[in-house]
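**Student:** Sharing coords.txt (compact mmCIF, C-alpha atoms) below.
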```txt
# COMPACT_ATOMS: atom_id res chain seq x y z
CA MET A 30 0.00 0.00 0.00
CA ALA A 31 1.38 3.41 -0.96
CA ASP A 32 1.26 6.46 1.28
CA LEU A 33 1.96 10.05 0.28
CA PHE A 34 5.44 11.41 0.94
CA LEU A 35 6.88 14.89 0.56
CA ILE A 36 10.26 14.65 -1.17
CA ALA A 37 12.71 17.24 0.09
CA GLU A 38 16.45 17.78 0.10
CA ILE A 39 18.55 18.12 3.23
CA ALA A 40 22.34 18.54 3.08
CA GLY A 41 22.35 17.59 -0.59
CA ARG A 42 20.46 14.35 0.00
CA PRO A 43 16.88 13.57 -1.04
CA VAL A 44 14.63 12.54 1.84
CA ALA A 45 11.00 11.44 2.11
CA ILE A 46 8.67 12.81 4.79
CA ALA A 47 5.34 11.11 5.42
CA SER A 48 2.50 13.48 4.55
CA ASP A 49 0.84 12.92 7.93
CA GLN A 50 3.80 14.76 9.49
CA VAL A 51 3.44 17.74 7.14
CA GLU A 52 1.04 20.54 7.96
CA SER A 53 2.37 22.89 5.27
CA VAL A 54 5.51 24.06 3.50
CA VAL A 55 6.60 27.69 3.73
CA ASP A 56 9.36 30.19 3.23
CA ILE A 57 10.63 31.35 6.60
CA GLY A 58 11.36 35.03 7.13
CA GLU A 59 13.33 36.49 10.00
CA VAL A 60 14.39 34.02 12.68
CA VAL A 61 14.98 35.41 16.16
CA PRO A 62 17.66 33.47 18.09
CA VAL A 63 16.73 32.07 21.49
CA PRO A 64 19.46 32.44 24.14
CA ARG A 65 20.63 29.14 25.65
CA ALA A 66 18.45 27.08 23.31
CA ASP A 67 19.60 23.69 22.10
CA ALA A 68 21.97 24.02 19.11
CA ARG A 69 19.33 22.36 16.91
CA VAL A 70 16.96 25.29 17.51
CA ARG A 71 17.83 28.11 15.12
CA GLY A 72 15.27 30.33 16.87
CA LEU A 73 11.67 31.48 16.63
CA ALA A 74 9.78 32.85 13.63
CA ALA A 75 6.37 34.43 13.15
CA LEU A 76 4.18 32.47 10.79
CA ARG A 77 0.54 33.23 10.07
CA SER A 78 -0.17 34.89 13.42
CA ARG A 79 1.65 32.27 15.46
CA VAL A 80 5.18 31.64 16.62
CA VAL A 81 6.99 28.51 15.46
CA THR A 82 10.22 26.97 16.69
CA VAL A 83 12.70 26.77 13.82
CA ILE A 84 14.72 23.53 13.71
CA ASP A 85 18.11 23.69 11.97
CA THR A 86 18.49 20.37 10.16
CA ARG A 87 22.19 20.98 9.54
CA ALA A 88 22.74 21.22 13.30
CA VAL A 89 20.64 18.07 13.83
CA LEU A 90 23.02 16.26 11.45
CA GLY A 91 26.12 17.77 13.06
CA LEU A 92 26.95 19.82 9.96
CA ASN A 93 28.25 23.38 9.89
CA GLY A 94 27.65 26.22 7.50
CA GLY A 95 26.14 25.91 4.09
CA ASP A 96 23.65 28.24 2.51
CA MET A 97 21.07 29.81 4.76
CA GLN A 98 17.93 27.73 4.49
CA SER A 99 14.63 29.55 4.13
CA ARG A 100 12.31 26.71 3.05
CA ALA A 101 10.66 24.77 5.84
CA VAL A 102 8.25 21.97 6.51
CA ILE A 103 5.75 22.89 9.21
CA THR A 104 4.82 20.08 11.53
CA ALA A 105 2.65 20.01 14.64
CA ILE A 106 3.89 17.78 17.45
CA GLU A 107 2.22 17.53 20.84
CA GLY A 108 0.38 20.81 20.26
CA HIS A 109 3.45 22.81 19.22
CA HIS A 110 4.38 23.95 15.73
CA TYR A 111 7.88 23.52 14.35
CA ALA A 112 9.45 24.75 11.13
CA VAL A 113 12.00 22.13 10.03
CA LEU A 114 14.43 23.74 7.59
CA VAL A 115 15.16 22.01 4.29
CA ASP A 116 17.36 22.94 1.33
CA ALA A 117 14.66 22.32 -1.26
CA LEU A 118 11.19 20.89 -1.71
CA GLU A 119 10.64 18.62 -4.69
CA ASP A 120 7.23 16.96 -4.93
CA VAL A 121 4.55 14.92 -3.19
CA THR A 122 4.34 11.37 -4.43
CA PRO A 123 2.83 8.03 -3.39
CA CYS A 124 5.44 5.54 -2.16
CA ALA A 125 5.49 2.34 -0.16
CA LEU A 126 7.52 2.64 3.02
CA GLN A 127 9.94 -0.24 3.55
CA PRO A 128 11.73 -0.85 6.85
CA LEU A 129 15.42 -0.09 7.19
CA ALA A 130 16.96 -3.49 6.53
CA GLY A 131 19.80 -4.79 8.65
CA GLY A 132 22.19 -4.58 5.69
CA ILE A 133 21.62 -0.85 5.14
CA VAL A 134 24.38 1.22 6.67
CA LEU A 135 23.46 4.80 7.48
CA ASP A 136 25.89 7.52 8.42
CA PRO A 137 25.65 7.93 12.22
CA ALA A 138 24.23 11.45 11.80
CA TRP A 139 21.28 10.15 9.75
CA ARG A 140 20.59 7.03 11.83
CA PRO A 141 18.47 8.71 14.56
CA ILE A 142 16.11 10.38 12.07
CA GLY A 143 15.82 7.57 9.51
CA CYS A 144 12.61 5.54 9.74
CA GLY A 145 12.58 3.58 6.48
CA ILE A 146 13.24 3.60 2.77
CA VAL A 147 11.03 4.51 -0.17
CA GLU A 148 11.82 3.90 -3.82
CA LEU A 149 11.75 6.93 -6.08
CA GLY A 150 12.60 6.54 -9.75
CA GLY A 151 14.23 3.20 -9.04
CA GLU A 152 16.51 4.70 -6.36
CA PRO A 153 16.22 4.25 -2.59
CA VAL A 154 15.41 7.41 -0.65
CA LEU A 155 15.68 7.68 3.13
CA ALA A 156 12.38 8.35 4.88
CA ILE A 157 12.85 10.54 7.94
CA ASP A 158 10.83 11.15 11.09
CA LEU A 159 10.54 14.89 11.83
CA ARG A 160 9.81 14.14 15.49
CA ALA A 161 13.33 12.75 15.87
CA MET A 162 14.73 16.23 15.10
CA ILE A 163 12.93 17.97 17.96
CA PRO A 164 15.13 18.49 21.05
CA GLY A 165 13.77 16.93 24.22
CA LEU A 166 11.09 14.90 22.46
CA ALA A 167 11.13 11.19 23.15
CA VAL A 168 10.54 9.23 19.94
CA ALA A 169 9.36 5.63 20.07
CA ALA A 170 11.57 3.33 18.04
```
Represent the supplied structure as C-alpha cells.
**Tutor:**
Amino acid sequence: MADLFLIAEIAGRPVAIASDQVESVVDIGEVVPVPRADARVRGLAALRSRVVTVIDTRAVLGLNGGDMQSRAVITAIEGHHYAVLVDALEDVTPCALQPLAGGIVLDPAWRPIGCGIVELGGEPVLAIDLRAMIPGLAVAA
C-alpha cells in the first residue's frame, strides 16, 4: 500500500517525509535566536499569526555552515508547531515505506532520524521522522 510522501532535500540528499507529518511548507522570514536554546533550535519565527520553533536540520546532522535555508516543513507535534528547515522541496508522491533493513548502513548522523526507505525513480530514498529532530522529544523506536 502506498502512502503520500513529501520529497525534500537536506544537506544535498533527497529525503522522504510522510505526509501525515506535514502541515504545510513555507518560506521562513526572520528568525529570532533564542538564548541558551539547544543548538538544533535556530530560533523562533512568526508564521501566520503564530510563533513557530525553527529547527536547523544541519545542526541536527552535526553539519556546519552551508547556505542559509529559508524553506521549511511545518509540523505540529504535541500541540506545538515547528518549522524544520530544508534545502529544497521537490514533490509529493505516493510511495510504499519499507523498513530499514539490517544490511543498510546509514551515516551515524542520519541514523536517529531515519525511519525507512522509499523507492523513487528506481533509487532508494531515506524516509525521515521529523519528530526525531525535535530536542527533548522522546521518539518511540
**Student:** Within 10 Å of (12.0, 8.4, -4.1), all atoms listed in the file: residues as a list in words?
**Tutor:**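 Protein and nucleic acid residues near the point are Phe34, Leu35, Ile36, Ala37, Pro43, Val44, Ala45, Asp120, Val121, Thr122, Pro123, Cys124, Ala125, Ile146, Val147, Glu148, Leu149, Gly150, Gly151, Glu152, Pro153, Val154, Leu155 and Ala156 of chain A.
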**Student:** Could you tell me which of A:Leu118, A:Ala105, A:Met162, A:Leu126 comes closest to Gly91 of chain A if we count all atoms listed in the file?
**Tutor:** A:Met162
**Student:** Residues at most 6 Å from Asp116 of chain A, counting all atoms listed in the file, excluding those fewer than 4 positions away in the same chain, as a compact mmCIF listing (two decimals) with C-alpha atoms, in the coordinates of the input?
**Tutor:**
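To be explicit, this is the file written out as around.txt:
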```
# COMPACT_ATOMS: atom_id res chain seq x y z
CA GLU A 38 16.45 17.78 0.10
CA ILE A 39 18.55 18.12 3.23
CA GLN A 98 17.93 27.73 4.49
```
**Student:** Please report the interatomic distance between atom CA of Asp158 of chain A and atom CA of Asp32 of chain A in Å with one decimal.
**Tutor:**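 Answer for the atom CA of Asp158 of chain A to atom CA of Asp32 of chain A separation: 14.5 Å.
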**Student:** Around (22.4, 20.4, 17.5), as given in the file, which residues come within 10 Å? Count only C-alpha atoms and list them as a PyMOL selection string.
**Tutor:** chain A and resi 66-71+84-92+162-164
**Student:** Let me have the centre and edge lengths of the axis-aligned box enclosing all listed atoms of segment 65-80 of chain A with 4 Å padding on every side, in Å to one decimal, as lines of an AutoDock Vina configuration file.
**Tutor:**
```
center_x = 10.9
center_y = 28.6
center_z = 17.9
size_x = 30.1
size_y = 20.5
size_z = 23.6
```
**Student:** Using all atoms listed in the file, find the one residue out of A:Ile157, A:Val115, A:Val63, A:Ala130 that sits nearest to Gly143 of chain A.
**Tutor:**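 Using all atoms listed in the file, the shortest distance to Gly143 of chain A belongs to A:Ile157.
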**Student:** Between atom CA of His110 of chain A and atom CA of Val54 of chain A, what is the distance in Å, rounded to a tenth?
**Tutor:**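 Between atom CA of His110 of chain A and atom CA of Val54 of chain A the gap works out to 12.3 Å.
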**Student:** Which is closer to Ile57 of chain A than all the others in A:Gly72, A:Pro141, A:Gly41, A:Gly165, using only C-alpha atoms?
**Tutor:**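 Smallest separation from Ile57 of chain A among the options: A:Gly72.
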**Student:** Set the distance at 7 Å and use all atoms listed in the file: which residues neighbour Val60 of chain A once local chain neighbours fewer than 2 positions away are removed? I'd like the list as a PDB file with C-alpha atoms, keeping the file's coordinate frame.
**Tutor:**
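The resulting file, out29.pdb, is reproduced below:
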```pdb
ATOM      1  CA  GLY A  58      11.360  35.030   7.130  1.00  0.00           C
ATOM      2  CA  PRO A  62      17.660  33.470  18.090  1.00  0.00           C
ATOM      3  CA  GLY A  72      15.270  30.330  16.870  1.00  0.00           C
ATOM      4  CA  LEU A  73      11.670  31.480  16.630  1.00  0.00           C
ATOM      5  CA  ALA A  74       9.780  32.850  13.630  1.00  0.00           C
TER       6      ALA A  74
END
```
**Student:** Can you pull out the residues contacting Ala75 of chain A? Cut-off 12 Å, using all atoms listed in the file, and skip same-chain residues under 5 positions away; I want them as a list of chain:residue names.
**Tutor:**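 Answer for this query is A:Val55, A:Asp56, A:Ile57, A:Gly58, A:Glu59, A:Val60, A:Val61, A:Val80, A:Val81, A:Thr82, A:Val83, A:His110, A:Tyr111, A:Ala112.
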**Student:** Which is closest to Ile46 of chain A among A:Pro128, A:Ala138, A:Ala31, A:Val102, if we use all atoms listed in the file?
**Tutor:**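 Answer, going by the shortest atom-to-atom distance: A:Val102.
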**Student:** Please measure the separation of atom CA of Ala101 of chain A and atom CA of Cys144 of chain A, giving the value in Å to one decimal.
**Tutor:**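 Atom CA of Cys144 of chain A lies at a distance of 19.7 Å from atom CA of Ala101 of chain A.
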**Student:** Which is closest to Gly145 of chain A among A:Val113, A:Glu52, A:Leu159, A:Gln127, if we use only C-alpha atoms?
**Tutor:**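 Among the listed residues, the smallest separation from Gly145 of chain A belongs to A:Gln127.
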**Student:** Counting all atoms listed in the file, figure out which residue out of A:Asp136, A:Leu76, A:Glu119, A:Gln50 gets nearest to Glu107 of chain A.
**Tutor:** A:Gln50
